[in-house]
Amino acid sequence: MLMFHFTKPANHASARQGLDMLLMAVSLDQPCCALYSGEALEQLLKPLSSFDPLKKIGMLDAVFDFADIYVDSASFTAMNVSVDNFRVPVKVIDSAEIDRLNSQAKHKLLF
Amino acid sequence: MANSSYVIMLQAAPDDYFAGRQALQCAQDIVSRGEQLKQVFFYGPAVVYANQFLQSPSGYPDLQEQWRKFSREHNIPLVVCATVGSQYGLESLPPPAGNLAEGFSAGGLAEFIETLANTEHLLQFQGNAAC
């Protein structure tokens, strides 16, 4: 399993580049998961303007039925948002679950 | 003895000398141990390594040339992401049609993912700019 761990804010080029790689991996039917923590939760928020460099994030769910999108519960609490604020369905998981994902990952890609 | 296989992904721009040097040293170490380095993949700001017009800052070693030399000596592919490369002004053809430096090849994310899926270890070098 390829684990994509996003940690950068939405306006960081790494966010877009990581998303492109995740989309390619999913399109190739590679087992994947995506974890968002810290400032990267911004990437999941519904856009407030028409300028949306991460628009393709919607393809994960809409095109590929990709459901393995996880959000770190500590970051989620700190951001004080609801899952309804996110543009794709996510699973909020705690540190034990994150450890479990880490242990299952063949490769971890940090963006 | 079964050898481990590796892929290196470099994301640090060439002006982040220490990240580039660290990645190159790591690549050299892998080869010197007799292990398999399948590919060095240049992604994000590191795509600039593949620009033939790249010049090192005064006083710094030429890492682009050092990567080329390493690739030649050990037959390790230096693959640059063509899509991201185009966003950094890289025309993915050798001169005169483009500005792809000798020793580099332009590839896609699909190629990288497929290589990665069949490799035991990924080593990622993000550098200061991407961290």
# chains A, B, ... in the order shown; residues from 1 in each chain; ligands from 1
$ interface_residues --of "chain B" --to "chain A" --cutoff "9 Å" --atoms "only C-alpha atoms" --output "mmCIF file with N, CA and C atoms, in the first residue's frame"
data_model
loop_
_atom_site.group_PDB
_atom_site.id
_atom_site.type_symbol
_atom_site.label_atom_id
_atom_site.label_comp_id
_atom_site.auth_asym_id
_atom_site.auth_seq_id
_atom_site.Cartn_x
_atom_site.Cartn_y
_atom_site.Cartn_z
ATOM 1 N N TYR B 43 11.274 15.384 -9.034
ATOM 2 C CA TYR B 43 9.883 15.847 -8.968
ATOM 3 C C TYR B 43 9.847 17.202 -8.257
ATOM 4 N N GLY B 44 8.762 17.920 -8.436
ATOM 5 C CA GLY B 44 8.697 19.247 -7.808
ATOM 6 C C GLY B 44 9.838 20.125 -8.308
ATOM 7 N N VAL B 84 5.520 18.166 -14.487
ATOM 8 C CA VAL B 84 6.004 19.212 -13.585
ATOM 9 C C VAL B 84 7.143 19.990 -14.252
ATOM 10 N N LEU B 109 4.369 10.205 -14.340
ATOM 11 C CA LEU B 109 4.084 9.684 -13.011
ATOM 12 C C LEU B 109 3.717 8.201 -13.056
ATOM 13 N N ALA B 110 3.102 7.777 -14.157
ATOM 14 C CA ALA B 110 2.710 6.370 -14.259
ATOM 15 C C ALA B 110 3.942 5.479 -14.187
ATOM 16 N N ILE B 113 5.246 5.462 -10.589
ATOM 17 C CA ILE B 113 4.405 4.668 -9.679
ATOM 18 C C ILE B 113 4.608 3.176 -9.913
ATOM 19 N N GLU B 114 4.685 2.797 -11.173
ATOM 20 C CA GLU B 114 4.873 1.374 -11.468
ATOM 21 C C GLU B 114 6.235 0.885 -10.981
ATOM 22 N N LEU B 116 7.895 2.229 -8.497
ATOM 23 C CA LEU B 116 7.822 2.266 -7.038
ATOM 24 C C LEU B 116 7.105 1.032 -6.482
ATOM 25 N N ALA B 117 6.043 0.644 -7.155
ATOM 26 C CA ALA B 117 5.252 -0.492 -6.676
ATOM 27 C C ALA B 117 6.067 -1.782 -6.665
ATOM 28 N N GLU B 120 11.452 -2.131 -3.186
ATOM 29 C CA GLU B 120 11.309 -2.338 -1.735
ATOM 30 C C GLU B 120 11.367 -1.042 -0.932
ATOM 31 N N HIS B 121 12.223 -0.113 -1.339
ATOM 32 C CA HIS B 121 12.450 1.073 -0.507
ATOM 33 C C HIS B 121 12.348 2.357 -1.332
ATOM 34 N N LEU B 122 11.671 3.319 -0.755
ATOM 35 C CA LEU B 122 11.634 4.671 -1.319
ATOM 36 C C LEU B 122 12.400 5.601 -0.386
ATOM 37 N N GLN B 124 13.061 9.618 0.036
ATOM 38 C CA GLN B 124 12.512 10.895 -0.431
ATOM 39 C C GLN B 124 13.344 12.028 0.149
ATOM 40 N N GLN B 126 13.206 16.009 0.297
ATOM 41 C CA GLN B 126 12.385 17.180 0.007
ATOM 42 C C GLN B 126 13.165 18.481 0.079
ATOM 43 N N ALA B 130 10.670 22.438 0.213
ATOM 44 C CA ALA B 130 9.440 21.648 0.198
ATOM 45 C C ALA B 130 8.999 21.251 1.601
ATOM 46 N N CYS B 131 9.819 21.531 2.591
ATOM 47 C CA CYS B 131 9.465 21.082 3.938
ATOM 48 C C CYS B 131 8.597 22.100 4.661
#
$ residues_around --residues "stretch 61-66 of chain B" --least-positions-apart "4" --cutoff "10 Å" --atoms "only C-alpha atoms" --output "PDB file with N, CA, C and O atoms, in the first residue's frame"
ATOM      1  N   PRO B  14      17.721  22.677  -7.213  1.00  0.00           N
ATOM      2  CA  PRO B  14      19.187  22.608  -7.246  1.00  0.00           C
ATOM      3  C   PRO B  14      19.869  23.627  -6.347  1.00  0.00           C
ATOM      4  O   PRO B  14      21.002  23.387  -5.920  1.00  0.00           O
ATOM      5  N   ASP B  15      19.226  24.729  -6.061  1.00  0.00           N
ATOM      6  CA  ASP B  15      19.893  25.695  -5.183  1.00  0.00           C
ATOM      7  C   ASP B  15      19.842  25.276  -3.715  1.00  0.00           C
ATOM      8  O   ASP B  15      20.451  25.925  -2.863  1.00  0.00           O
ATOM      9  N   TYR B  17      21.532  23.044  -2.162  1.00  0.00           N
ATOM     10  CA  TYR B  17      22.688  22.190  -2.429  1.00  0.00           C
ATOM     11  C   TYR B  17      22.771  21.002  -1.480  1.00  0.00           C
ATOM     12  O   TYR B  17      23.048  19.871  -1.897  1.00  0.00           O
ATOM     13  N   GLY B  20      20.434  18.145  -2.268  1.00  0.00           N
ATOM     14  CA  GLY B  20      20.876  17.442  -3.467  1.00  0.00           C
ATOM     15  C   GLY B  20      22.106  16.595  -3.203  1.00  0.00           C
ATOM     16  O   GLY B  20      22.213  15.450  -3.670  1.00  0.00           O
ATOM     17  N   ARG B  21      23.016  17.152  -2.441  1.00  0.00           N
ATOM     18  CA  ARG B  21      24.242  16.415  -2.114  1.00  0.00           C
ATOM     19  C   ARG B  21      23.924  15.188  -1.265  1.00  0.00           C
ATOM     20  O   ARG B  21      24.507  14.118  -1.459  1.00  0.00           O
ATOM     21  N   LEU B  24      22.470  12.515  -3.515  1.00  0.00           N
ATOM     22  CA  LEU B  24      23.509  11.905  -4.339  1.00  0.00           C
ATOM     23  C   LEU B  24      24.385  10.965  -3.511  1.00  0.00           C
ATOM     24  O   LEU B  24      24.721   9.860  -3.953  1.00  0.00           O
ATOM     25  N   VAL B  48      14.311  21.030 -12.146  1.00  0.00           N
ATOM     26  CA  VAL B  48      15.247  21.997 -12.734  1.00  0.00           C
ATOM     27  C   VAL B  48      16.636  21.372 -12.950  1.00  0.00           C
ATOM     28  O   VAL B  48      17.403  21.824 -13.796  1.00  0.00           O
ATOM     29  N   TYR B  49      16.929  20.316 -12.217  1.00  0.00           N
ATOM     30  CA  TYR B  49      18.198  19.599 -12.446  1.00  0.00           C
ATOM     31  C   TYR B  49      18.351  19.162 -13.900  1.00  0.00           C
ATOM     32  O   TYR B  49      19.468  18.993 -14.380  1.00  0.00           O
ATOM     33  N   ALA B  50      17.233  18.939 -14.564  1.00  0.00           N
ATOM     34  CA  ALA B  50      17.285  18.398 -15.923  1.00  0.00           C
ATOM     35  C   ALA B  50      17.349  19.488 -16.993  1.00  0.00           C
ATOM     36  O   ALA B  50      17.309  19.181 -18.178  1.00  0.00           O
ATOM     37  N   ASN B  51      17.462  20.721 -16.569  1.00  0.00           N
ATOM     38  CA  ASN B  51      17.548  21.825 -17.535  1.00  0.00           C
ATOM     39  C   ASN B  51      18.998  22.002 -17.963  1.00  0.00           C
ATOM     40  O   ASN B  51      19.879  22.214 -17.131  1.00  0.00           O
ATOM     41  N   GLN B  52      19.233  21.923 -19.259  1.00  0.00           N
ATOM     42  CA  GLN B  52      20.623  21.983 -19.732  1.00  0.00           C
ATOM     43  C   GLN B  52      21.271  23.337 -19.458  1.00  0.00           C
ATOM     44  O   GLN B  52      22.494  23.460 -19.514  1.00  0.00           O
ATOM     45  N   LEU B  54      21.102  24.912 -16.651  1.00  0.00           N
ATOM     46  CA  LEU B  54      21.337  25.069 -15.213  1.00  0.00           C
ATOM     47  C   LEU B  54      22.808  25.379 -14.936  1.00  0.00           C
ATOM     48  O   LEU B  54      23.707  24.740 -15.488  1.00  0.00           O
ATOM     49  N   GLN B  55      23.032  26.336 -14.085  1.00  0.00           N
ATOM     50  CA  GLN B  55      24.395  26.655 -13.654  1.00  0.00           C
ATOM     51  C   GLN B  55      24.439  26.643 -12.135  1.00  0.00           C
ATOM     52  O   GLN B  55      23.550  27.184 -11.477  1.00  0.00           O
ATOM     53  N   SER B  56      25.501  26.069 -11.606  1.00  0.00           N
ATOM     54  CA  SER B  56      25.662  26.045 -10.152  1.00  0.00           C
ATOM     55  C   SER B  56      26.094  27.415  -9.660  1.00  0.00           C
ATOM     56  O   SER B  56      26.806  28.141 -10.359  1.00  0.00           O
ATOM     57  N   PRO B  57      25.690  27.771  -8.456  1.00  0.00           N
ATOM     58  CA  PRO B  57      26.178  29.031  -7.882  1.00  0.00           C
ATOM     59  C   PRO B  57      27.697  28.996  -7.749  1.00  0.00           C
ATOM     60  O   PRO B  57      28.289  27.926  -7.599  1.00  0.00           O
ATOM     61  N   PHE B  70      27.346   9.949 -12.166  1.00  0.00           N
ATOM     62  CA  PHE B  70      26.871   8.797 -11.391  1.00  0.00           C
ATOM     63  C   PHE B  70      25.992   7.890 -12.262  1.00  0.00           C
ATOM     64  O   PHE B  70      26.138   6.659 -12.257  1.00  0.00           O
ATOM     65  N   SER B  71      25.111   8.513 -13.026  1.00  0.00           N
ATOM     66  CA  SER B  71      24.212   7.747 -13.888  1.00  0.00           C
ATOM     67  C   SER B  71      24.989   6.982 -14.958  1.00  0.00           C
ATOM     68  O   SER B  71      24.702   5.799 -15.213  1.00  0.00           O
ATOM     69  N   ARG B  72      25.961   7.647 -15.559  1.00  0.00           N
ATOM     70  CA  ARG B  72      26.773   6.998 -16.596  1.00  0.00           C
ATOM     71  C   ARG B  72      27.554   5.812 -16.027  1.00  0.00           C
ATOM     72  O   ARG B  72      27.593   4.737 -16.609  1.00  0.00           O
ATOM     73  N   ALA B 101      18.633  18.246 -20.406  1.00  0.00           N
ATOM     74  CA  ALA B 101      20.076  18.014 -20.308  1.00  0.00           C
ATOM     75  C   ALA B 101      20.420  16.566 -20.638  1.00  0.00           C
ATOM     76  O   ALA B 101      19.637  15.643 -20.369  1.00  0.00           O
ATOM     77  N   GLU B 102      21.581  16.394 -21.211  1.00  0.00           N
ATOM     78  CA  GLU B 102      22.087  15.057 -21.520  1.00  0.00           C
ATOM     79  C   GLU B 102      22.116  14.209 -20.236  1.00  0.00           C
ATOM     80  O   GLU B 102      22.473  14.706 -19.164  1.00  0.00           O
ATOM     81  N   GLY B 103      21.729  12.969 -20.378  1.00  0.00           N
ATOM     82  CA  GLY B 103      21.769  12.060 -19.238  1.00  0.00           C
ATOM     83  C   GLY B 103      20.450  11.950 -18.494  1.00  0.00           C
ATOM     84  O   GLY B 103      20.267  11.037 -17.697  1.00  0.00           O
ATOM     85  N   PHE B 104      19.527  12.869 -18.758  1.00  0.00           N
ATOM     86  CA  PHE B 104      18.208  12.822 -18.121  1.00  0.00           C
ATOM     87  C   PHE B 104      17.179  12.337 -19.137  1.00  0.00           C
ATOM     88  O   PHE B 104      17.317  12.579 -20.336  1.00  0.00           O
TER      89      PHE B 104
END
$ atom_distance --atom1 "atom CA of A:Asn11" --atom2 "atom CA of A:Asn80"
19.8 Å
$ select_by_dssp --residues "stretch 34-100 of chain A" --states "strand (DSSP E or B)" --output "list in words"
Ala34, Leu35, Tyr36, Leu45, Ile69, Tyr70, Val71, Asp72, Phe86, Lys91, Val92 and Ile93 of chain A
$ residues_around --residues "A:Met3" --least-positions-apart "2" --cutoff "6 Å" --atoms "only C-alpha atoms" --output "compact mmCIF listing (two decimals) with all heavy atoms, in the first residue's frame"
# COMPACT_ATOMS: atom_id res chain seq x y z
N CYS A 32 -3.79 2.35 -2.12
CA CYS A 32 -3.32 3.64 -1.60
C CYS A 32 -4.17 4.07 -0.42
O CYS A 32 -5.31 3.64 -0.27
CB CYS A 32 -3.46 4.75 -2.66
SG CYS A 32 -2.45 4.57 -4.10
N CYS A 33 -3.60 4.97 0.36
CA CYS A 33 -4.40 5.75 1.28
C CYS A 33 -3.82 7.15 1.34
O CYS A 33 -2.65 7.35 0.99
CB CYS A 33 -4.47 5.11 2.67
SG CYS A 33 -2.96 5.26 3.62
N ALA A 34 -4.66 8.10 1.72
CA ALA A 34 -4.21 9.49 1.84
C ALA A 34 -4.50 9.95 3.26
O ALA A 34 -5.63 9.80 3.75
CB ALA A 34 -4.94 10.37 0.84
N ALA A 105 1.78 0.36 5.40
CA ALA A 105 2.25 1.01 4.17
C ALA A 105 3.56 0.40 3.69
O ALA A 105 4.50 0.23 4.47
CB ALA A 105 2.43 2.50 4.41
N LYS A 108 5.83 5.28 2.10
CA LYS A 108 5.19 6.50 2.59
C LYS A 108 5.73 7.67 1.81
O LYS A 108 6.94 7.88 1.76
CB LYS A 108 5.46 6.68 4.08
CG LYS A 108 4.91 5.55 4.93
CD LYS A 108 5.49 5.59 6.33
CE LYS A 108 5.30 4.24 6.99
NZ LYS A 108 6.11 4.07 8.20
$ residues_around --residues "A:Leu19" --least-positions-apart "6" --cutoff "8 Å" --atoms "only C-alpha atoms" --output "count of residues only"
3
